[in-house]
>>> print(open('data12.tsv').read())   # TSV, C-alpha atoms
chain	number	residue	atom	x	y	z
A	1	MET	CA	164.27	35.61	103.44
A	2	VAL	CA	167.55	37.50	103.09
A	3	ASN	CA	165.87	39.92	100.67
A	4	LYS	CA	162.99	40.66	103.04
A	5	ARG	CA	162.97	44.20	104.38
A	6	TRP	CA	162.22	43.14	108.00
A	7	PHE	CA	165.24	40.80	107.93
A	8	GLN	CA	167.50	43.59	106.64
A	9	PHE	CA	166.29	45.92	109.39
A	10	LEU	CA	166.88	43.19	111.98
A	11	VAL	CA	170.44	42.69	110.74
A	12	PHE	CA	170.96	46.46	110.72
A	13	PHE	CA	169.89	46.85	114.37
A	14	ILE	CA	171.97	43.83	115.41
A	15	LEU	CA	175.01	45.41	113.79
A	16	VAL	CA	174.28	48.77	115.47
A	17	PHE	CA	173.98	47.23	118.94
A	18	SER	CA	177.08	45.11	118.30
A	19	LEU	CA	178.96	48.28	117.40
A	20	ILE	CA	177.71	49.98	120.59
A	21	LEU	CA	178.86	46.96	122.64
A	22	LEU	CA	182.25	47.01	120.94
A	23	ILE	CA	182.64	50.75	121.64
A	24	SER	CA	181.73	50.25	125.31
A	25	VAL	CA	184.36	47.51	125.65
A	26	THR	CA	187.05	49.60	123.93
A	27	ASP	CA	186.11	52.93	125.49
A	28	PHE	CA	189.78	53.69	126.26
A	29	ILE	CA	190.26	54.22	122.52
A	30	PHE	CA	187.39	56.65	122.20
A	31	SER	CA	187.75	58.54	125.51
A	32	PRO	CA	190.25	61.08	124.03
A	33	PHE	CA	187.78	61.82	121.23
A	34	VAL	CA	184.98	62.25	123.81
A	35	LYS	CA	187.15	64.76	125.70
A	36	ILE	CA	187.85	66.65	122.48
A	37	ILE	CA	184.13	66.75	121.67
A	38	GLY	CA	183.38	67.91	125.22
A	39	ALA	CA	185.94	70.69	124.89
A	40	VAL	CA	184.32	72.09	121.73
A	41	ALA	CA	180.71	71.27	122.66
A	42	VAL	CA	180.09	74.57	124.46
A	43	PRO	CA	181.26	76.88	121.65
A	44	ILE	CA	179.51	74.75	119.03
A	45	ILE	CA	176.20	74.72	120.92
A	46	GLY	CA	176.50	78.43	121.76
A	47	ALA	CA	177.33	79.32	118.18
A	48	GLY	CA	174.52	77.07	116.95
A	49	ILE	CA	171.95	78.88	119.11
A	50	LEU	CA	173.20	82.27	117.91
A	51	TYR	CA	173.26	80.95	114.34
A	52	TYR	CA	169.54	80.17	114.42
A	53	LEU	CA	168.82	83.54	116.03
A	54	THR	CA	170.92	85.64	113.65
A	55	LYS	CA	170.41	83.70	110.41
A	56	PRO	CA	167.10	85.48	109.59
A	57	ILE	CA	168.81	88.85	110.09
A	58	MET	CA	171.62	87.88	107.72
A	59	TYR	CA	169.15	86.69	105.07
A	60	PHE	CA	167.17	89.94	105.47
A	61	LEU	CA	170.33	91.99	104.89
A	62	GLU	CA	171.19	89.88	101.84
A	63	ARG	CA	167.75	90.59	100.40
A	64	LEU	CA	168.71	94.27	100.64
A	65	LYS	CA	171.58	93.50	98.20
A	66	ILE	CA	174.26	93.50	100.94
A	67	ASN	CA	176.92	90.85	100.38
A	68	ARG	CA	177.26	88.04	102.90
A	69	ILE	CA	180.51	89.10	104.58
A	70	LEU	CA	179.23	92.62	105.19
A	71	SER	CA	175.91	91.18	106.41
A	72	ILE	CA	177.79	88.99	108.93
A	73	VAL	CA	179.79	92.01	110.10
A	74	LEU	CA	176.55	93.96	110.63
A	75	VAL	CA	175.11	91.00	112.57
A	76	PHE	CA	178.18	90.96	114.82
A	77	LEU	CA	177.90	94.73	115.33
A	78	LEU	CA	174.26	94.25	116.36
A	79	LEU	CA	175.26	91.54	118.87
A	80	ILE	CA	178.01	93.81	120.26
A	81	LEU	CA	175.52	96.67	120.58
A	82	ILE	CA	173.07	94.44	122.48
A	83	GLY	CA	175.89	93.19	124.73
A	84	PHE	CA	177.03	96.75	125.41
A	85	PHE	CA	173.47	97.80	126.33
A	86	VAL	CA	173.13	94.85	128.72
A	87	TYR	CA	176.56	95.54	130.26
A	88	MET	CA	175.94	99.25	130.75
A	89	TYR	CA	172.29	99.42	131.80
A	90	ILE	CA	171.02	96.01	132.94
A	91	ALA	CA	173.97	94.14	134.47
A	92	PRO	CA	174.84	96.77	137.16
A	93	ILE	CA	171.25	96.90	138.45
A	94	ALA	CA	170.89	93.11	138.43
A	95	GLN	CA	174.26	92.69	140.14
A	96	GLN	CA	173.34	95.16	142.90
A	97	GLN	CA	169.95	93.53	143.45
A	98	PHE	CA	171.53	90.06	143.56
A	99	ARG	CA	174.11	91.25	146.11
A	100	ASN	CA	171.37	92.76	148.27
A	101	LEU	CA	169.38	89.54	148.03
A	102	ILE	CA	172.37	87.47	149.18
A	103	ASP	CA	173.01	89.90	152.05
A	104	ASN	CA	169.37	89.57	153.20
A	105	ILE	CA	169.34	85.77	153.25
A	106	PRO	CA	170.32	85.52	156.99
A	107	THR	CA	167.48	87.92	157.85
A	108	MET	CA	165.06	85.85	155.79
A	109	VAL	CA	166.27	82.67	157.52
A	110	ASN	CA	165.68	84.21	160.97
A	111	TRP	CA	162.24	85.36	159.86
A	112	ALA	CA	161.39	81.82	158.72
A	113	GLN	CA	162.64	80.37	162.00
A	114	ASP	CA	160.55	82.84	164.02
A	115	LEU	CA	157.50	82.06	161.92
A	116	ILE	CA	157.92	78.32	162.48
A	117	SER	CA	158.45	78.85	166.22
A	118	LEU	CA	155.32	81.00	166.41
A	119	TRP	CA	153.32	78.36	164.58
A	120	GLN	CA	154.62	75.64	166.90
A	121	SER	CA	153.74	77.62	170.01
A	122	ASN	CA	150.13	77.97	168.83
A	123	GLN	CA	149.68	74.28	168.11
A	124	THR	CA	148.62	71.84	170.78
A	125	ALA	CA	148.21	68.58	168.93
A	126	ILE	CA	151.28	68.21	166.75
A	127	PRO	CA	152.47	64.58	166.42
A	128	LYS	CA	155.89	64.04	167.95
A	129	GLU	CA	157.37	62.87	164.64
A	130	ILE	CA	156.26	66.04	162.84
A	131	ASP	CA	157.40	68.23	165.73
A	132	LYS	CA	160.82	66.53	165.73
A	133	ALA	CA	161.13	66.91	161.97
A	134	ILE	CA	160.27	70.61	162.19
A	135	ASN	CA	162.78	71.15	165.01
A	136	ASP	CA	165.52	69.33	163.10
A	137	PHE	CA	164.82	71.35	160.00
A	138	THR	CA	164.74	74.62	161.97
A	139	ASN	CA	167.97	73.85	163.82
A	140	ASN	CA	169.74	72.87	160.62
A	141	LEU	CA	168.19	75.58	158.45
A	142	GLN	CA	171.36	77.67	158.39
A	143	SER	CA	173.44	74.65	157.38
A	144	HIS	CA	170.96	73.92	154.58
A	145	ILE	CA	171.31	77.52	153.41
A	146	ASP	CA	175.12	77.26	153.60
A	147	SER	CA	175.17	74.03	151.58
A	148	THR	CA	172.87	75.63	149.02
A	149	LEU	CA	175.16	78.67	148.77
A	150	ASN	CA	178.22	76.40	148.45
A	151	TYR	CA	176.50	74.58	145.62
A	152	LEU	CA	175.63	77.93	144.08
A	153	PHE	CA	179.23	79.13	144.27
A	154	GLY	CA	180.41	75.83	142.80
A	155	PHE	CA	177.95	76.34	139.99
A	156	ILE	CA	179.31	79.86	139.52
A	157	GLY	CA	182.81	78.37	139.20
A	158	GLN	CA	181.57	76.04	136.50
A	159	LEU	CA	179.81	78.99	134.92
A	160	ILE	CA	183.10	80.88	134.73
A	161	GLY	CA	184.65	77.95	132.85
A	162	PHE	CA	181.62	77.91	130.61
A	163	ILE	CA	181.99	81.63	129.91
A	164	THR	CA	185.69	81.09	129.11
A	165	ALA	CA	184.70	78.53	126.49
A	166	LEU	CA	182.28	81.08	125.04
A	167	VAL	CA	185.28	83.07	123.79
A	168	LEU	CA	185.39	80.67	120.83
A	169	VAL	CA	181.71	81.18	120.01
A	170	PRO	CA	182.19	84.21	117.68
A	171	PHE	CA	184.69	82.27	115.53
A	172	PHE	CA	182.33	79.30	115.17
A	173	LEU	CA	179.40	81.63	114.54
A	174	PHE	CA	181.23	83.50	111.77
A	175	PHE	CA	181.97	80.34	109.79
A	176	MET	CA	178.49	78.92	110.44
A	177	LEU	CA	176.92	82.03	108.96
A	178	LYS	CA	179.43	82.16	106.11
A	179	ASP	CA	179.53	78.49	105.10
A	180	GLY	CA	176.49	76.91	106.79
A	181	GLU	CA	174.73	76.28	103.49
A	182	LYS	CA	177.68	74.22	102.23
A	183	LEU	CA	177.16	71.48	104.84
A	184	VAL	CA	174.22	69.75	103.16
A	185	PRO	CA	175.88	69.48	99.69
A	186	PHE	CA	179.03	68.19	101.40
A	187	ILE	CA	177.09	65.43	103.17
A	188	THR	CA	174.93	64.41	100.19
A	189	GLN	CA	177.64	64.40	97.52
A	190	ILE	CA	178.50	60.72	98.11
A	191	PHE	CA	174.90	59.51	97.60
A	192	SER	CA	172.90	58.87	94.48
A	193	GLN	CA	170.61	61.63	93.28
A	194	LYS	CA	167.42	60.19	94.80
A	195	LYS	CA	169.00	59.31	98.14
A	196	ALA	CA	170.67	62.71	98.26
A	197	ALA	CA	167.27	64.39	97.77
A	198	ASN	CA	165.85	62.25	100.59
A	199	ILE	CA	168.68	63.20	102.94
A	200	ARG	CA	168.30	66.88	102.02
A	201	SER	CA	164.63	66.59	102.94
A	202	LEU	CA	165.55	65.03	106.31
A	203	LEU	CA	168.14	67.71	107.09
A	204	SER	CA	165.68	70.41	106.09
A	205	LYS	CA	163.11	69.00	108.54
A	206	ILE	CA	165.72	68.88	111.33
A	207	ASP	CA	166.70	72.47	110.54
A	208	SER	CA	163.05	73.58	110.70
A	209	THR	CA	162.57	71.77	114.03
A	210	LEU	CA	165.62	73.40	115.59
A	211	THR	CA	164.69	76.79	114.17
A	212	SER	CA	161.16	76.55	115.58
A	213	PHE	CA	162.38	75.54	119.02
A	214	ILE	CA	165.41	77.84	119.45
A	215	GLN	CA	163.92	81.00	117.98
A	216	GLY	CA	160.50	80.39	119.47
A	217	GLN	CA	161.62	79.38	122.96
A	218	LEU	CA	164.07	82.28	123.36
A	219	ILE	CA	161.59	84.86	122.07
A	220	VAL	CA	158.88	83.49	124.35
A	221	SER	CA	161.27	83.45	127.35
A	222	PHE	CA	162.27	87.06	126.68
A	223	ALA	CA	158.63	88.12	126.41
A	224	VAL	CA	157.71	86.33	129.67
A	225	GLY	CA	160.69	87.95	131.43
A	226	VAL	CA	159.56	91.41	130.31
A	227	LEU	CA	155.96	90.73	131.39
A	228	LEU	CA	157.08	89.51	134.82
A	229	PHE	CA	159.40	92.51	135.25
A	230	ILE	CA	156.51	94.88	134.53
A	231	GLY	CA	154.25	92.92	136.88
A	232	TYR	CA	156.83	92.88	139.68
A	233	LEU	CA	157.28	96.65	139.31
A	234	ILE	CA	153.51	97.16	139.52
A	235	ILE	CA	153.26	95.22	142.82
A	236	ASP	CA	156.49	96.89	144.04
A	237	LEU	CA	158.33	93.59	144.58
A	238	LYS	CA	161.96	93.89	145.70
A	239	TYR	CA	164.72	92.64	143.38
A	240	ALA	CA	162.26	92.80	140.46
A	241	LEU	CA	164.92	92.83	137.74
A	242	THR	CA	166.94	89.95	139.21
A	243	LEU	CA	163.82	87.81	139.70
A	244	ALA	CA	162.59	88.61	136.18
A	245	LEU	CA	165.98	87.70	134.66
A	246	PHE	CA	165.95	84.42	136.62
A	247	ALA	CA	162.45	83.70	135.30
A	248	MET	CA	163.58	84.54	131.77
A	249	VAL	CA	166.40	81.97	131.99
A	250	MET	CA	164.20	79.32	133.61
A	251	ASN	CA	161.48	79.73	130.97
A	252	VAL	CA	163.92	78.31	128.43
A	253	ILE	CA	163.07	74.96	130.06
A	254	PRO	CA	159.73	73.88	128.54
A	255	PHE	CA	156.79	73.33	130.89
A	256	ALA	CA	158.81	73.05	134.12
A	257	GLY	CA	160.56	76.42	133.75
A	258	PRO	CA	157.65	78.67	134.85
A	259	PHE	CA	157.13	76.65	138.06
A	260	ILE	CA	160.83	76.90	138.93
A	261	ALA	CA	160.87	80.61	138.08
A	262	VAL	CA	158.10	81.58	140.51
A	263	ILE	CA	159.66	79.97	143.63
A	264	PRO	CA	162.24	82.73	144.43
A	265	ALA	CA	159.65	85.42	143.71
A	266	LEU	CA	157.19	83.81	146.15
A	267	ILE	CA	159.86	83.55	148.86
A	268	VAL	CA	160.99	87.16	148.45
A	269	GLY	CA	157.38	88.34	148.23
A	270	ALA	CA	156.37	86.49	151.40
A	271	PHE	CA	159.31	87.98	153.27
A	272	GLN	CA	158.43	91.49	152.08
A	273	ASP	CA	154.67	91.18	152.73
A	274	PRO	CA	152.57	87.97	153.09
A	275	MET	CA	149.97	89.47	150.73
A	276	ASN	CA	152.61	89.38	147.99
A	277	LEU	CA	152.10	85.61	147.83
A	278	ILE	CA	148.77	86.37	146.20
A	279	TRP	CA	150.05	89.25	144.05
A	280	VAL	CA	153.09	87.30	142.75
A	281	SER	CA	150.85	84.35	141.92
A	282	ILE	CA	148.47	86.64	140.02
A	283	VAL	CA	151.36	88.22	138.08
A	284	MET	CA	152.73	84.78	137.15
A	285	ILE	CA	149.30	83.48	136.09
A	286	VAL	CA	148.59	86.57	133.96
A	287	ALA	CA	152.05	86.37	132.31
A	288	GLN	CA	151.64	82.65	131.59
A	289	GLN	CA	148.14	83.16	130.16
A	290	ILE	CA	149.40	85.89	127.84
A	291	GLU	CA	152.33	83.67	126.85
A	292	SER	CA	150.29	80.50	126.23
A	293	ASN	CA	147.33	82.15	124.48
A	294	LEU	CA	148.94	85.02	122.59
A	295	ILE	CA	152.73	84.84	122.31
A	296	SER	CA	153.50	81.12	121.87
A	297	PRO	CA	150.82	80.40	119.22
A	298	ASN	CA	152.10	83.30	117.09
A	299	VAL	CA	155.83	82.70	117.65
A	300	MET	CA	156.13	78.91	117.84
A	301	GLY	CA	152.78	77.73	116.52
A	302	HIS	CA	152.45	73.97	116.66
A	303	ALA	CA	155.68	73.18	114.87
A	304	LEU	CA	157.00	70.76	117.50
A	305	ASP	CA	153.61	69.10	118.11
A	306	LEU	CA	154.57	67.68	121.51
A	307	HIS	CA	152.03	66.52	124.06
A	308	PRO	CA	152.54	68.06	127.54
A	309	LEU	CA	152.77	64.60	129.13
A	310	THR	CA	155.52	63.70	126.66
A	311	VAL	CA	157.39	66.90	127.55
A	312	ILE	CA	157.15	66.14	131.29
A	313	THR	CA	158.37	62.56	130.80
A	314	VAL	CA	161.28	63.61	128.61
A	315	ILE	CA	162.36	66.37	131.03
A	316	LEU	CA	162.21	64.06	134.07
A	317	ALA	CA	164.18	61.33	132.29
A	318	ALA	CA	166.80	63.73	130.95
A	319	GLY	CA	167.16	65.44	134.33
A	320	SER	CA	167.86	62.13	136.10
A	321	ILE	CA	170.45	61.20	133.45
A	322	ALA	CA	172.24	64.47	132.72
A	323	GLY	CA	171.11	66.97	135.34
A	324	PHE	CA	170.37	70.58	134.41
A	325	LEU	CA	171.93	70.32	130.94
A	326	GLY	CA	169.76	67.30	130.26
A	327	ILE	CA	166.66	69.26	131.23
A	328	LEU	CA	167.77	72.18	129.05
A	329	PHE	CA	168.38	70.17	125.87
A	330	ALA	CA	165.90	67.32	126.39
A	331	VAL	CA	163.01	68.72	124.34
A	332	PRO	CA	165.00	69.84	121.25
A	333	PHE	CA	166.92	66.54	121.28
A	334	TYR	CA	163.67	64.57	121.52
A	335	SER	CA	162.12	66.69	118.76
A	336	VAL	CA	165.06	66.02	116.43
A	337	VAL	CA	164.97	62.27	117.18
A	338	LYS	CA	161.20	62.25	116.60
A	339	THR	CA	161.69	64.06	113.27
A	340	ILE	CA	164.31	61.53	112.17
A	341	ILE	CA	162.18	58.51	113.14
A	342	ILE	CA	159.08	59.87	111.37
A	343	HIS	CA	161.11	60.63	108.26
A	344	PHE	CA	162.64	57.14	108.16
A	345	TYR	CA	159.23	55.57	108.69
A	346	GLN	CA	157.74	57.59	105.83
A	347	THR	CA	160.70	56.64	103.67
A	348	TYR	CA	160.18	52.98	104.58
A	349	VAL	CA	156.49	53.20	103.59
A	350	ASP	CA	157.39	54.89	100.30
A	351	SER	CA	160.10	52.32	99.59
A	352	LYS	CA	157.49	49.55	99.55
A	353	LYS	CA	156.20	51.11	96.34
A	354	ASN	CA	159.60	51.93	94.90
A	355	ARG	CA	162.77	50.22	96.11
A	356	GLU	CA	164.92	53.12	94.93
A	357	ASP	CA	163.35	55.40	97.54
A	358	ALA	CA	164.87	53.40	100.41
A	359	LEU	CA	167.70	54.99	102.37
A	360	ILE	CA	168.97	51.62	103.62
>>> encode(input="data12.tsv", output="structure tokens")
Amino acid sequence: MVNKRWFQFLVFFILVFSLILLISVTDFIFSPFVKIIGAVAVPIIGAGILYYLTKPIMYFLERLKINRILSIVLVFLLLILIGFFVYMYIAPIAQQQFRNLIDNIPTMVNWAQDLISLWQSNQTAIPKEIDKAINDFTNNLQSHIDSTLNYLFGFIGQLIGFITALVLVPFFLFFMLKDGEKLVPFITQIFSQKKAANIRSLLSKIDSTLTSFIQGQLIVSFAVGVLLFIGYLIIDLKYALTLALFAMVMNVIPFAGPFIAVIPALIVGAFQDPMNLIWVSIVMIVAQQIESNLISPNVMGHALDLHPLTVITVILAAGSIAGFLGILFAVPFYSVVKTIIIHFYQTYVDSKKNREDALI
């Protein structure tokens, strides 16, 4: 029985869960390491995203017979040029529109209160409970807005700390581009030739999954942001650039992002002109149709092969556990885990024919 594969897997999982239990009991030993990992997580993740975005450019330059160091320098110059363009031409307009939007919030709140009061005065059969709830909400609307703004400013404070950590991103990115290909040989050098080939195959699949998601999702989000910006300009919606940039960021979140992105545009549009509720909805629907039927199939294809219900479940679970960051990284994390599990299962099936193919 000891030589049976199911028994070996059972022992393996028992040992893994025992190790997890031991770590949870002795967490005071590992907490300093967790803090260290947390301190470098932001630059590593930021550099990793830029690595997958800039790696094709570096390889293209190398195919033009440009050595790697010079290719990396040209990639950095391209990133600096893009940053300079954003800083000079996009950021000032977005900042001014955002400031105007914040300044107009009290006016929008008063407009909403007047609208609710008008609706109440024209109703004759409102249940007392609903009427009381509406009055409470109306009376406390300003406090709700203030708490939301306080949360927003707190988030901005965290964002400043996040941006400070981004200072390290260029250093991590440089060495990822320069020595990224050395990681796989370093990991596989301690394994036998067949197991090393199996691990290389697994790491290659993980790399393809991350490449498909990061490159595809960011390109799609950029395209949707541009489409929405054009649409908002056509319907003459106020704060078009700020709302389009917000939608671009939110579209990074799979499935749920577009629904979150349209809420501020609907509110601003309703305040500007009630008919804009229809026009904003049409712009969002047209942009999403173009994205789902034209852009995504050509950019991302079906590389991740995730069912929409699975995406919703993963996002909801990750959001309840880790908040916004959980929502942001839920789908790529799930995709990587799925890739690993499928690979191990295929390896297990192959190992029934040949014991040497087993990883464990």
>>> closest_residue(input="data12.tsv", among="A:Ser24, A:Gln217, A:Thr347, A:Gln272", to="Phe329 in chain A", atoms="all atoms listed in the file")
A:Gln217
>>> residues_near_point(input="data12.tsv", point="(155.5, 90.6, 153.1)", cutoff="12 Å", atoms="all atoms listed in the file", output="number ranges by chain")
A: 108, 111-112, 235-238, 265-280
>>> write_last_selection(input="data12.tsv", atoms="C-alpha atoms", output="PDB file, in the coordinates of the input")
ATOM      1  CA  MET A 108     165.060  85.850 155.790  1.00  0.00           C
ATOM      2  CA  TRP A 111     162.240  85.360 159.860  1.00  0.00           C
ATOM      3  CA  ALA A 112     161.390  81.820 158.720  1.00  0.00           C
ATOM      4  CA  ILE A 235     153.260  95.220 142.820  1.00  0.00           C
ATOM      5  CA  ASP A 236     156.490  96.890 144.040  1.00  0.00           C
ATOM      6  CA  LEU A 237     158.330  93.590 144.580  1.00  0.00           C
ATOM      7  CA  LYS A 238     161.960  93.890 145.700  1.00  0.00           C
ATOM      8  CA  ALA A 265     159.650  85.420 143.710  1.00  0.00           C
ATOM      9  CA  LEU A 266     157.190  83.810 146.150  1.00  0.00           C
ATOM     10  CA  ILE A 267     159.860  83.550 148.860  1.00  0.00           C
ATOM     11  CA  VAL A 268     160.990  87.160 148.450  1.00  0.00           C
ATOM     12  CA  GLY A 269     157.380  88.340 148.230  1.00  0.00           C
ATOM     13  CA  ALA A 270     156.370  86.490 151.400  1.00  0.00           C
ATOM     14  CA  PHE A 271     159.310  87.980 153.270  1.00  0.00           C
ATOM     15  CA  GLN A 272     158.430  91.490 152.080  1.00  0.00           C
ATOM     16  CA  ASP A 273     154.670  91.180 152.730  1.00  0.00           C
ATOM     17  CA  PRO A 274     152.570  87.970 153.090  1.00  0.00           C
ATOM     18  CA  MET A 275     149.970  89.470 150.730  1.00  0.00           C
ATOM     19  CA  ASN A 276     152.610  89.380 147.990  1.00  0.00           C
ATOM     20  CA  LEU A 277     152.100  85.610 147.830  1.00  0.00           C
ATOM     21  CA  ILE A 278     148.770  86.370 146.200  1.00  0.00           C
ATOM     22  CA  TRP A 279     150.050  89.250 144.050  1.00  0.00           C
ATOM     23  CA  VAL A 280     153.090  87.300 142.750  1.00  0.00           C
TER      24      VAL A 280
END
>>> residues_around(input="data12.tsv", residues="range 222-234 of chain A", least_positions_apart="3", cutoff="9 Å", atoms="all atoms listed in the file", output="JSON list (two decimals) with C-alpha atoms, in the coordinates of the input")
[["chain", "number", "residue", "atom", "x", "y", "z"],
["A", 217, "GLN", "CA", 161.62, 79.38, 122.96],
["A", 218, "LEU", "CA", 164.07, 82.28, 123.36],
["A", 219, "ILE", "CA", 161.59, 84.86, 122.07],
["A", 237, "LEU", "CA", 158.33, 93.59, 144.58],
["A", 238, "LYS", "CA", 161.96, 93.89, 145.70],
["A", 239, "TYR", "CA", 164.72, 92.64, 143.38],
["A", 240, "ALA", "CA", 162.26, 92.80, 140.46],
["A", 241, "LEU", "CA", 164.92, 92.83, 137.74],
["A", 242, "THR", "CA", 166.94, 89.95, 139.21],
["A", 243, "LEU", "CA", 163.82, 87.81, 139.70],
["A", 244, "ALA", "CA", 162.59, 88.61, 136.18],
["A", 245, "LEU", "CA", 165.98, 87.70, 134.66],
["A", 246, "PHE", "CA", 165.95, 84.42, 136.62],
["A", 247, "ALA", "CA", 162.45, 83.70, 135.30],
["A", 248, "MET", "CA", 163.58, 84.54, 131.77],
["A", 249, "VAL", "CA", 166.40, 81.97, 131.99],
["A", 251, "ASN", "CA", 161.48, 79.73, 130.97],
["A", 265, "ALA", "CA", 159.65, 85.42, 143.71],
["A", 279, "TRP", "CA", 150.05, 89.25, 144.05],
["A", 280, "VAL", "CA", 153.09, 87.30, 142.75],
["A", 283, "VAL", "CA", 151.36, 88.22, 138.08],
["A", 284, "MET", "CA", 152.73, 84.78, 137.15],
["A", 286, "VAL", "CA", 148.59, 86.57, 133.96],
["A", 287, "ALA", "CA", 152.05, 86.37, 132.31],
["A", 288, "GLN", "CA", 151.64, 82.65, 131.59],
["A", 290, "ILE", "CA", 149.40, 85.89, 127.84],
["A", 291, "GLU", "CA", 152.33, 83.67, 126.85],
["A", 295, "ILE", "CA", 152.73, 84.84, 122.31]]
>>> residues_around(input="data12.tsv", residues="Thr339 in chain A", least_positions_apart="5", cutoff="9 Å", atoms="only C-alpha atoms", output="JSON, numbers by chain")
{"A": [202, 205, 206, 209, 334, 344]}
>>> residues_around(input="data12.tsv", residues="range 308-321 of chain A", least_positions_apart="3", cutoff="8 Å", atoms="only C-alpha atoms", output="JSON, numbers by chain")
{"A": [254, 255, 256, 324, 325, 326, 327, 330, 331, 334]}
>>> atom_distance(input="data12.tsv", atom1="CA of Lys178 in chain A", atom2="CA of Arg68 in chain A")
7.0 Å
>>> atom_distance(input="data12.tsv", atom1="CA of Ile57 in chain A", atom2="CA of Pro258 in chain A")
29.0 Å
>>> closest_residue(input="data12.tsv", among="A:Leu328, A:Met58, A:Ile340, A:Ala91", to="Met176 in chain A", atoms="all atoms listed in the file")
A:Met58
>>> atom_distance(input="data12.tsv", atom1="CA of Pro185 in chain A", atom2="CA of Arg200 in chain A")
8.3 Å
>>> residues_around(input="data12.tsv", residues="Leu61 in chain A", least_positions_apart="6", cutoff="12 Å", atoms="only C-alpha atoms", output="ChimeraX atom specification")
/A:54-55,67-75
>>> axis_aligned_box(input="data12.tsv", around="range 219-236 of chain A", padding_each_side="8 Å", output="lines of an AutoDock Vina configuration file")
center_x = 157.8
center_y = 90.3
center_z = 133.1
size_x = 25.0
size_y = 29.7
size_z = 38.0
